[in-house]
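This report concerns only the one structure given below.
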Amino acid sequence: MTQLLFADSALTPDGTIGPYWLRREAGRILEAGHGRPPATPDVHLSEGLLVPGFVDVHAHGGGGAAFTEGAEAAETVLVAHRRRGTTTMLASLVSAPIPALLGQAEQLRPLVETGELAGIHLEGPWLSPAHRGAHSASLLSDPTPEAVSAVLEHPAASRLRYVTLAPERPGTVEATARLRAAGMVVGIGHTGADGEQTRAALAAGASAATHLFNGMKALHHRDPGPALALLEDPTTFLELIHDGVHLHPEMVRYIWHTASRHGGARRLVLVSDAMAGAAAPEGRYALGALNVDVAGGVARLVEPDGTLGAIAGSAVTLAEAVRRSILDAGIAPESALTAATANPAEMIGLDDVGRLLPGGRADLVLLDQDWQVRRVMHRGRWID
């Protein structure tokens, strides 16, 4: 059964906001177009703003569960985020020994094969100990040829879409080229690399900045580090965590305007970097092998002596990152929304989500005037 849906206001595929219609069937969009629909619509959304389902390419958990805990826990994560507008997700895994990471990826492989997950993101173990954030220093290692081969030759390798590494580690340039040749997106993050090392990784095929400015050597007038090289490269996608903790709104606005001058706003990608405590009550949760305390909307590592340490992911969903970008940082709504839909989809090579186009998935979110999620459609069905 087909359904013709018309919204007075929608985020259109060209990144503007205006009237838009679509005809859907069996979870897919059959036809779509600007302006008035070709016939009387079955559903007329006269209030709110219709946008594609959000695409989160960097999240570790939510709803009290984490992707590292297996397929059943992953389904809990997906439901928690889906109810808040995120209909496409990568499962981000934190640093661990390569065999353990591949074992976790193997457990998630069925969800990737059914399309519940868009793929898997390895955030580590090839990261800098000095900029490890919420990664255990004892689990970090170099991307040796043997380690990269172990990843590429594993059955779960075909489900890996995204790998984060630090360019200063020995073997990174060669590893980047091999991972990219295998079809994976390579991100630069948790790094103390200088500009030359960063540009060498970009030349080898890296194409993303994992949560820009967070987990990186700070910008300095005599040693600009990785952030400047990433900002100025016109082809690099830039992850931003806008949860009110990781980045100040003025910094978000600066990154947005700078990136727009170097390659365009299509480079901006909002991510949640959510851990298990997102979309869940505050309290204690696990992030890989580490414990995290969520209080006052902030997730922090619990040190061995019980004190709170580094920020450990976020406790927000992508919908909140969009809302903060618009209201706190003053980003144009269409630009902020595109950074949570079309841009992340392009970053990881998905062409059937992120924009309301014929052939795409019927994943929709209806926002109210306060940029809050009011309704979510997943694969053609409205959900609670």
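Following the order of the structure tokens, first chain is A, next is B, and so on, with residues numbered from 1 inside each chain and ligands from 1 in the order they appear.
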
Identify all residues of region 8-212 of chain A in alpha helix (DSSP H) (DSSP on the backbone) and supply them as a PDB file with N, CA and C atoms, in the first residue's frame.
```pdb
ATOM      1  N   ALA A  71      24.889  -8.226  20.630  1.00  0.00           N
ATOM      2  CA  ALA A  71      23.763  -7.886  19.764  1.00  0.00           C
ATOM      3  C   ALA A  71      22.521  -7.478  20.539  1.00  0.00           C
ATOM      4  N   GLU A  72      22.220  -8.176  21.630  1.00  0.00           N
ATOM      5  CA  GLU A  72      21.013  -7.832  22.394  1.00  0.00           C
ATOM      6  C   GLU A  72      21.127  -6.437  22.984  1.00  0.00           C
ATOM      7  N   ALA A  73      22.295  -6.117  23.541  1.00  0.00           N
ATOM      8  CA  ALA A  73      22.517  -4.776  24.067  1.00  0.00           C
ATOM      9  C   ALA A  73      22.475  -3.743  22.956  1.00  0.00           C
ATOM     10  N   ALA A  74      23.011  -4.097  21.791  1.00  0.00           N
ATOM     11  CA  ALA A  74      23.007  -3.175  20.653  1.00  0.00           C
ATOM     12  C   ALA A  74      21.582  -2.829  20.239  1.00  0.00           C
ATOM     13  N   GLU A  75      20.682  -3.795  20.301  1.00  0.00           N
ATOM     14  CA  GLU A  75      19.287  -3.513  19.958  1.00  0.00           C
ATOM     15  C   GLU A  75      18.683  -2.510  20.941  1.00  0.00           C
ATOM     16  N   THR A  76      19.070  -2.603  22.213  1.00  0.00           N
ATOM     17  CA  THR A  76      18.615  -1.625  23.207  1.00  0.00           C
ATOM     18  C   THR A  76      19.116  -0.234  22.857  1.00  0.00           C
ATOM     19  N   VAL A  77      20.382  -0.159  22.464  1.00  0.00           N
ATOM     20  CA  VAL A  77      20.960   1.128  22.062  1.00  0.00           C
ATOM     21  C   VAL A  77      20.196   1.706  20.880  1.00  0.00           C
ATOM     22  N   LEU A  78      19.960   0.880  19.871  1.00  0.00           N
ATOM     23  CA  LEU A  78      19.296   1.352  18.660  1.00  0.00           C
ATOM     24  C   LEU A  78      17.895   1.874  18.955  1.00  0.00           C
ATOM     25  N   VAL A  79      17.150   1.157  19.780  1.00  0.00           N
ATOM     26  CA  VAL A  79      15.786   1.592  20.119  1.00  0.00           C
ATOM     27  C   VAL A  79      15.812   2.920  20.860  1.00  0.00           C
ATOM     28  N   ALA A  80      16.742   3.068  21.811  1.00  0.00           N
ATOM     29  CA  ALA A  80      16.819   4.304  22.595  1.00  0.00           C
ATOM     30  C   ALA A  80      17.085   5.509  21.702  1.00  0.00           C
ATOM     31  N   HIS A  81      18.014   5.379  20.765  1.00  0.00           N
ATOM     32  CA  HIS A  81      18.333   6.490  19.881  1.00  0.00           C
ATOM     33  C   HIS A  81      17.246   6.699  18.825  1.00  0.00           C
ATOM     34  N   ARG A  82      16.671   5.610  18.344  1.00  0.00           N
ATOM     35  CA  ARG A  82      15.638   5.722  17.307  1.00  0.00           C
ATOM     36  C   ARG A  82      14.446   6.514  17.812  1.00  0.00           C
ATOM     37  N   ILE A  98      43.165  -6.391  19.458  1.00  0.00           N
ATOM     38  CA  ILE A  98      42.547  -6.643  18.155  1.00  0.00           C
ATOM     39  C   ILE A  98      41.627  -7.866  18.175  1.00  0.00           C
ATOM     40  N   PRO A  99      42.035  -9.010  18.735  1.00  0.00           N
ATOM     41  CA  PRO A  99      41.110 -10.160  18.751  1.00  0.00           C
ATOM     42  C   PRO A  99      39.802  -9.867  19.474  1.00  0.00           C
ATOM     43  N   ALA A 100      39.881  -9.102  20.574  1.00  0.00           N
ATOM     44  CA  ALA A 100      38.661  -8.770  21.309  1.00  0.00           C
ATOM     45  C   ALA A 100      37.764  -7.850  20.494  1.00  0.00           C
ATOM     46  N   LEU A 101      38.353  -6.856  19.827  1.00  0.00           N
ATOM     47  CA  LEU A 101      37.559  -5.957  18.985  1.00  0.00           C
ATOM     48  C   LEU A 101      36.880  -6.718  17.859  1.00  0.00           C
ATOM     49  N   LEU A 102      37.617  -7.614  17.230  1.00  0.00           N
ATOM     50  CA  LEU A 102      37.036  -8.378  16.130  1.00  0.00           C
ATOM     51  C   LEU A 102      35.942  -9.315  16.628  1.00  0.00           C
ATOM     52  N   GLY A 103      36.104  -9.827  17.847  1.00  0.00           N
ATOM     53  CA  GLY A 103      35.047 -10.640  18.432  1.00  0.00           C
ATOM     54  C   GLY A 103      33.789  -9.835  18.682  1.00  0.00           C
ATOM     55  N   GLN A 104      33.951  -8.600  19.155  1.00  0.00           N
ATOM     56  CA  GLN A 104      32.786  -7.727  19.350  1.00  0.00           C
ATOM     57  C   GLN A 104      32.122  -7.407  18.018  1.00  0.00           C
ATOM     58  N   ALA A 105      32.942  -7.136  17.003  1.00  0.00           N
ATOM     59  CA  ALA A 105      32.402  -6.847  15.673  1.00  0.00           C
ATOM     60  C   ALA A 105      31.641  -8.045  15.123  1.00  0.00           C
ATOM     61  N   GLU A 106      32.157  -9.242  15.375  1.00  0.00           N
ATOM     62  CA  GLU A 106      31.488 -10.451  14.892  1.00  0.00           C
ATOM     63  C   GLU A 106      30.114 -10.609  15.538  1.00  0.00           C
ATOM     64  N   GLN A 107      30.003 -10.268  16.823  1.00  0.00           N
ATOM     65  CA  GLN A 107      28.703 -10.360  17.489  1.00  0.00           C
ATOM     66  C   GLN A 107      27.687  -9.393  16.886  1.00  0.00           C
ATOM     67  N   LEU A 108      28.169  -8.266  16.371  1.00  0.00           N
ATOM     68  CA  LEU A 108      27.275  -7.259  15.795  1.00  0.00           C
ATOM     69  C   LEU A 108      26.992  -7.505  14.314  1.00  0.00           C
ATOM     70  N   ARG A 109      27.729  -8.428  13.719  1.00  0.00           N
ATOM     71  CA  ARG A 109      27.606  -8.630  12.270  1.00  0.00           C
ATOM     72  C   ARG A 109      26.170  -8.926  11.819  1.00  0.00           C
ATOM     73  N   PRO A 110      25.372  -9.732  12.544  1.00  0.00           N
ATOM     74  CA  PRO A 110      23.991  -9.968  12.097  1.00  0.00           C
ATOM     75  C   PRO A 110      23.162  -8.693  11.989  1.00  0.00           C
ATOM     76  N   LEU A 111      23.385  -7.736  12.901  1.00  0.00           N
ATOM     77  CA  LEU A 111      22.635  -6.484  12.850  1.00  0.00           C
ATOM     78  C   LEU A 111      23.050  -5.628  11.663  1.00  0.00           C
ATOM     79  N   VAL A 112      24.300  -5.753  11.251  1.00  0.00           N
ATOM     80  CA  VAL A 112      24.752  -5.046  10.048  1.00  0.00           C
ATOM     81  C   VAL A 112      24.148  -5.694   8.816  1.00  0.00           C
ATOM     82  N   GLU A 113      24.116  -7.011   8.801  1.00  0.00           N
ATOM     83  CA  GLU A 113      23.608  -7.722   7.634  1.00  0.00           C
ATOM     84  C   GLU A 113      22.122  -7.483   7.411  1.00  0.00           C
ATOM     85  N   PRO A 145      51.777  -3.871  10.230  1.00  0.00           N
ATOM     86  CA  PRO A 145      51.223  -4.631   9.089  1.00  0.00           C
ATOM     87  C   PRO A 145      50.483  -5.877   9.534  1.00  0.00           C
ATOM     88  N   GLU A 146      50.988  -6.536  10.572  1.00  0.00           N
ATOM     89  CA  GLU A 146      50.336  -7.754  11.058  1.00  0.00           C
ATOM     90  C   GLU A 146      48.977  -7.433  11.680  1.00  0.00           C
ATOM     91  N   ALA A 147      48.909  -6.334  12.439  1.00  0.00           N
ATOM     92  CA  ALA A 147      47.641  -5.957  13.068  1.00  0.00           C
ATOM     93  C   ALA A 147      46.604  -5.564  12.019  1.00  0.00           C
ATOM     94  N   VAL A 148      47.034  -4.807  11.023  1.00  0.00           N
ATOM     95  CA  VAL A 148      46.106  -4.405   9.966  1.00  0.00           C
ATOM     96  C   VAL A 148      45.637  -5.626   9.179  1.00  0.00           C
ATOM     97  N   SER A 149      46.531  -6.554   8.900  1.00  0.00           N
ATOM     98  CA  SER A 149      46.147  -7.774   8.188  1.00  0.00           C
ATOM     99  C   SER A 149      45.135  -8.581   8.994  1.00  0.00           C
ATOM    100  N   ALA A 150      45.324  -8.631  10.324  1.00  0.00           N
ATOM    101  CA  ALA A 150      44.380  -9.366  11.164  1.00  0.00           C
ATOM    102  C   ALA A 150      42.979  -8.787  11.048  1.00  0.00           C
ATOM    103  N   VAL A 151      42.907  -7.450  10.946  1.00  0.00           N
ATOM    104  CA  VAL A 151      41.601  -6.800  10.782  1.00  0.00           C
ATOM    105  C   VAL A 151      41.027  -7.076   9.398  1.00  0.00           C
ATOM    106  N   LEU A 152      41.835  -6.870   8.367  1.00  0.00           N
ATOM    107  CA  LEU A 152      41.335  -6.978   6.997  1.00  0.00           C
ATOM    108  C   LEU A 152      40.977  -8.402   6.609  1.00  0.00           C
ATOM    109  N   THR A 172      51.341   4.279  10.502  1.00  0.00           N
ATOM    110  CA  THR A 172      49.994   4.808  10.264  1.00  0.00           C
ATOM    111  C   THR A 172      49.732   5.121   8.791  1.00  0.00           C
ATOM    112  N   VAL A 173      50.699   5.699   8.089  1.00  0.00           N
ATOM    113  CA  VAL A 173      50.476   6.046   6.683  1.00  0.00           C
ATOM    114  C   VAL A 173      50.176   4.794   5.871  1.00  0.00           C
ATOM    115  N   GLU A 174      50.968   3.747   6.075  1.00  0.00           N
ATOM    116  CA  GLU A 174      50.736   2.507   5.346  1.00  0.00           C
ATOM    117  C   GLU A 174      49.395   1.881   5.744  1.00  0.00           C
ATOM    118  N   ALA A 175      49.082   1.917   7.034  1.00  0.00           N
ATOM    119  CA  ALA A 175      47.812   1.370   7.502  1.00  0.00           C
ATOM    120  C   ALA A 175      46.634   2.130   6.907  1.00  0.00           C
ATOM    121  N   THR A 176      46.746   3.454   6.861  1.00  0.00           N
ATOM    122  CA  THR A 176      45.677   4.278   6.294  1.00  0.00           C
ATOM    123  C   THR A 176      45.409   3.891   4.846  1.00  0.00           C
ATOM    124  N   ALA A 177      46.473   3.747   4.062  1.00  0.00           N
ATOM    125  CA  ALA A 177      46.315   3.394   2.649  1.00  0.00           C
ATOM    126  C   ALA A 177      45.652   2.032   2.494  1.00  0.00           C
ATOM    127  N   ARG A 178      46.014   1.069   3.319  1.00  0.00           N
ATOM    128  CA  ARG A 178      45.430  -0.269   3.215  1.00  0.00           C
ATOM    129  C   ARG A 178      43.964  -0.277   3.634  1.00  0.00           C
ATOM    130  N   LEU A 179      43.646   0.417   4.716  1.00  0.00           N
ATOM    131  CA  LEU A 179      42.259   0.467   5.178  1.00  0.00           C
ATOM    132  C   LEU A 179      41.378   1.177   4.159  1.00  0.00           C
ATOM    133  N   ARG A 180      41.900   2.262   3.603  1.00  0.00           N
ATOM    134  CA  ARG A 180      41.127   3.002   2.598  1.00  0.00           C
ATOM    135  C   ARG A 180      40.920   2.156   1.356  1.00  0.00           C
ATOM    136  N   ALA A 181      41.945   1.422   0.928  1.00  0.00           N
ATOM    137  CA  ALA A 181      41.820   0.562  -0.246  1.00  0.00           C
ATOM    138  C   ALA A 181      40.784  -0.542  -0.025  1.00  0.00           C
ATOM    139  N   GLY A 195      51.306  19.054  12.014  1.00  0.00           N
ATOM    140  CA  GLY A 195      50.624  19.297  10.748  1.00  0.00           C
ATOM    141  C   GLY A 195      51.119  18.405   9.633  1.00  0.00           C
ATOM    142  N   GLU A 196      52.439  18.188   9.581  1.00  0.00           N
ATOM    143  CA  GLU A 196      53.016  17.368   8.512  1.00  0.00           C
ATOM    144  C   GLU A 196      52.528  15.927   8.606  1.00  0.00           C
ATOM    145  N   GLN A 197      52.503  15.369   9.811  1.00  0.00           N
ATOM    146  CA  GLN A 197      52.020  14.001   9.992  1.00  0.00           C
ATOM    147  C   GLN A 197      50.532  13.885   9.641  1.00  0.00           C
ATOM    148  N   THR A 198      49.773  14.911  10.004  1.00  0.00           N
ATOM    149  CA  THR A 198      48.342  14.906   9.696  1.00  0.00           C
ATOM    150  C   THR A 198      48.112  14.938   8.195  1.00  0.00           C
ATOM    151  N   ARG A 199      48.835  15.812   7.511  1.00  0.00           N
ATOM    152  CA  ARG A 199      48.663  15.909   6.054  1.00  0.00           C
ATOM    153  C   ARG A 199      49.140  14.645   5.347  1.00  0.00           C
ATOM    154  N   ALA A 200      50.139  13.953   5.902  1.00  0.00           N
ATOM    155  CA  ALA A 200      50.591  12.695   5.301  1.00  0.00           C
ATOM    156  C   ALA A 200      49.491  11.640   5.386  1.00  0.00           C
ATOM    157  N   ALA A 201      48.780  11.609   6.516  1.00  0.00           N
ATOM    158  CA  ALA A 201      47.670  10.659   6.656  1.00  0.00           C
ATOM    159  C   ALA A 201      46.526  11.010   5.712  1.00  0.00           C
ATOM    160  N   LEU A 202      46.261  12.303   5.547  1.00  0.00           N
ATOM    161  CA  LEU A 202      45.214  12.729   4.608  1.00  0.00           C
ATOM    162  C   LEU A 202      45.588  12.342   3.181  1.00  0.00           C
ATOM    163  N   ALA A 203      46.854  12.522   2.836  1.00  0.00           N
ATOM    164  CA  ALA A 203      47.305  12.163   1.486  1.00  0.00           C
ATOM    165  C   ALA A 203      47.206  10.661   1.261  1.00  0.00           C
ATOM    166  N   ALA A 204      47.327   9.873   2.323  1.00  0.00           N
ATOM    167  CA  ALA A 204      47.250   8.416   2.205  1.00  0.00           C
ATOM    168  C   ALA A 204      45.815   7.913   2.138  1.00  0.00           C
TER     169      ALA A 204
END
```

*Using backbone DSSP assignments, extract all strand (DSSP E or B) residues from region 89-131 of chain A; output them as a PyMOL selection string.*
chain A and resi 89-94+119-123

Serialized selection, N, CA and C atoms, as a compact mmCIF listing (two decimals), in the first residue's frame:
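Written out: part.txt:
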```
# COMPACT_ATOMS: atom_id res chain seq x y z
N MET A 89 22.71 4.30 12.44
CA MET A 89 23.83 4.40 13.37
C MET A 89 24.98 3.48 12.97
N LEU A 90 26.19 3.95 13.24
CA LEU A 90 27.35 3.07 13.31
C LEU A 90 27.55 2.68 14.77
N ALA A 91 28.05 1.48 14.99
CA ALA A 91 28.39 1.04 16.33
C ALA A 91 29.86 1.31 16.57
N SER A 92 30.17 2.24 17.47
CA SER A 92 31.55 2.58 17.78
C SER A 92 32.06 1.70 18.92
N LEU A 93 33.21 1.07 18.70
CA LEU A 93 33.83 0.20 19.69
C LEU A 93 35.09 0.88 20.22
N VAL A 94 35.32 0.79 21.51
CA VAL A 94 36.48 1.45 22.12
C VAL A 94 37.68 0.52 22.13
N GLY A 119 26.94 -0.21 10.10
CA GLY A 119 28.31 -0.67 10.08
C GLY A 119 28.95 -0.48 11.44
N ILE A 120 30.25 -0.71 11.50
CA ILE A 120 30.99 -0.68 12.76
C ILE A 120 32.16 0.28 12.64
N HIS A 121 32.40 1.00 13.71
CA HIS A 121 33.49 1.99 13.80
C HIS A 121 34.47 1.52 14.87
N LEU A 122 35.73 1.31 14.48
CA LEU A 122 36.78 1.00 15.44
C LEU A 122 37.45 2.30 15.87
N GLU A 123 37.16 2.73 17.08
CA GLU A 123 37.83 3.91 17.63
C GLU A 123 38.97 3.39 18.50
```

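Among the candidates A:Ser325, A:Ser260, A:Ser95, A:Thr87, the one nearest to Gly124 (chain A) when counting only C-alpha atoms is A:Ser95.
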
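The environment of region 2-5 of chain A within 9 Å, counting only C-alpha atoms and disregarding residues fewer than 2 places along the same chain, consists of Ala7, Tyr20, Trp21, Leu22, Arg23, Arg24, Glu25, Ala26, Leu30, Pro37, Ala39, Thr40, Pro41, Asp42, Val43, His44 and Leu45 of chain A.
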
Next, the residues of the selection above should be written as a PDB file, in the first residue's frame with N, CA and C atoms.
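Below is the file that was written, out-v1.pdb:
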```pdb
ATOM      1  N   ALA A   7       4.305  17.713   3.525  1.00  0.00           N
ATOM      2  CA  ALA A   7       4.668  18.580   4.653  1.00  0.00           C
ATOM      3  C   ALA A   7       4.745  20.018   4.185  1.00  0.00           C
ATOM      4  N   TYR A  20       7.227  20.119   0.720  1.00  0.00           N
ATOM      5  CA  TYR A  20       7.803  18.939   0.075  1.00  0.00           C
ATOM      6  C   TYR A  20       6.841  17.764   0.244  1.00  0.00           C
ATOM      7  N   TRP A  21       6.787  16.917  -0.767  1.00  0.00           N
ATOM      8  CA  TRP A  21       5.926  15.737  -0.700  1.00  0.00           C
ATOM      9  C   TRP A  21       6.723  14.487  -1.051  1.00  0.00           C
ATOM     10  N   LEU A  22       6.211  13.356  -0.582  1.00  0.00           N
ATOM     11  CA  LEU A  22       6.820  12.084  -0.952  1.00  0.00           C
ATOM     12  C   LEU A  22       5.760  10.994  -0.938  1.00  0.00           C
ATOM     13  N   ARG A  23       5.968  10.013  -1.793  1.00  0.00           N
ATOM     14  CA  ARG A  23       5.104   8.834  -1.832  1.00  0.00           C
ATOM     15  C   ARG A  23       5.951   7.643  -1.389  1.00  0.00           C
ATOM     16  N   ARG A  24       5.464   6.910  -0.403  1.00  0.00           N
ATOM     17  CA  ARG A  24       6.255   5.810   0.140  1.00  0.00           C
ATOM     18  C   ARG A  24       5.488   4.490   0.057  1.00  0.00           C
ATOM     19  N   GLU A  25       6.265   3.416   0.049  1.00  0.00           N
ATOM     20  CA  GLU A  25       5.695   2.070   0.068  1.00  0.00           C
ATOM     21  C   GLU A  25       6.758   1.112   0.585  1.00  0.00           C
ATOM     22  N   ALA A  26       6.344   0.212   1.490  1.00  0.00           N
ATOM     23  CA  ALA A  26       7.221  -0.829   2.008  1.00  0.00           C
ATOM     24  C   ALA A  26       8.547  -0.273   2.527  1.00  0.00           C
ATOM     25  N   LEU A  30       9.116   6.189  -2.973  1.00  0.00           N
ATOM     26  CA  LEU A  30       8.957   5.901  -4.404  1.00  0.00           C
ATOM     27  C   LEU A  30       9.143   7.152  -5.251  1.00  0.00           C
ATOM     28  N   PRO A  37       1.807  18.558  -3.630  1.00  0.00           N
ATOM     29  CA  PRO A  37       1.808  17.177  -4.119  1.00  0.00           C
ATOM     30  C   PRO A  37       0.964  17.034  -5.386  1.00  0.00           C
ATOM     31  N   ALA A  39      -1.400  14.989  -5.979  1.00  0.00           N
ATOM     32  CA  ALA A  39      -2.767  14.566  -5.676  1.00  0.00           C
ATOM     33  C   ALA A  39      -3.050  14.897  -4.213  1.00  0.00           C
ATOM     34  N   THR A  40      -4.284  14.652  -3.796  1.00  0.00           N
ATOM     35  CA  THR A  40      -4.637  14.896  -2.401  1.00  0.00           C
ATOM     36  C   THR A  40      -3.829  13.973  -1.500  1.00  0.00           C
ATOM     37  N   PRO A  41      -3.077  14.508  -0.545  1.00  0.00           N
ATOM     38  CA  PRO A  41      -2.208  13.656   0.277  1.00  0.00           C
ATOM     39  C   PRO A  41      -3.000  12.810   1.265  1.00  0.00           C
ATOM     40  N   ASP A  42      -2.461  11.636   1.561  1.00  0.00           N
ATOM     41  CA  ASP A  42      -3.046  10.796   2.606  1.00  0.00           C
ATOM     42  C   ASP A  42      -2.703  11.351   3.995  1.00  0.00           C
ATOM     43  N   VAL A  43      -1.542  11.961   4.094  1.00  0.00           N
ATOM     44  CA  VAL A  43      -1.110  12.577   5.349  1.00  0.00           C
ATOM     45  C   VAL A  43      -0.619  13.978   5.034  1.00  0.00           C
ATOM     46  N   HIS A  44      -1.189  14.975   5.730  1.00  0.00           N
ATOM     47  CA  HIS A  44      -0.768  16.366   5.542  1.00  0.00           C
ATOM     48  C   HIS A  44      -0.204  16.875   6.861  1.00  0.00           C
ATOM     49  N   LEU A  45       1.095  17.135   6.884  1.00  0.00           N
ATOM     50  CA  LEU A  45       1.758  17.654   8.072  1.00  0.00           C
ATOM     51  C   LEU A  45       1.804  19.174   7.957  1.00  0.00           C
TER      52      LEU A  45
END
```

*So which one's closest to Arg284 (chain A), A:Gly64, A:Pro170, A:Gly225, A:Gly309? Using only C-alpha atoms, please.*
A:Gly64

*Coordinates-based distance that separates CA of Asp194 (chain A) from CA of Leu230 (chain A) (Å, one decimal)*: 10.9 Å

*Mind checking which residues fall within 10 Å of Gln372 (chain A), counting only C-alpha atoms, ignoring those fewer than 6 positions away in the same chain, and posting them as a ChimeraX atom specification?*
/A:48,84-85,319-320,322-323,365-366

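Candidate residues A:Phe6, A:Phe54, A:Tyr162, A:Trp382 were compared for distance to Leu337 (chain A), and the nearest is A:Phe54, using only C-alpha atoms.
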
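Counting only C-alpha atoms and comparing A:Gly18, A:Gly192, A:Leu240, A:Met347, the residue that lies closest to Leu219 (chain A) is A:Gly192.
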
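Of the residues listed (A:Thr258, A:Ala166, A:Glu239, A:Ala134), A:Ala134 shows the shortest atom-to-atom separation from His60 (chain A); distances use only C-alpha atoms.
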
_Need the shell around Leu318 (chain A): protein/DNA/RNA residues with any atom at most 7 Å away, counting only C-alpha atoms. Skip same-chain ones fewer than 6 positions apart. Format as a list in words?_
Asp56, Thr86, Val271 and Ser272 of chain A

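One finds CA of Ala321 (chain A) at 18.9 Å from CA of Asp363 (chain A).
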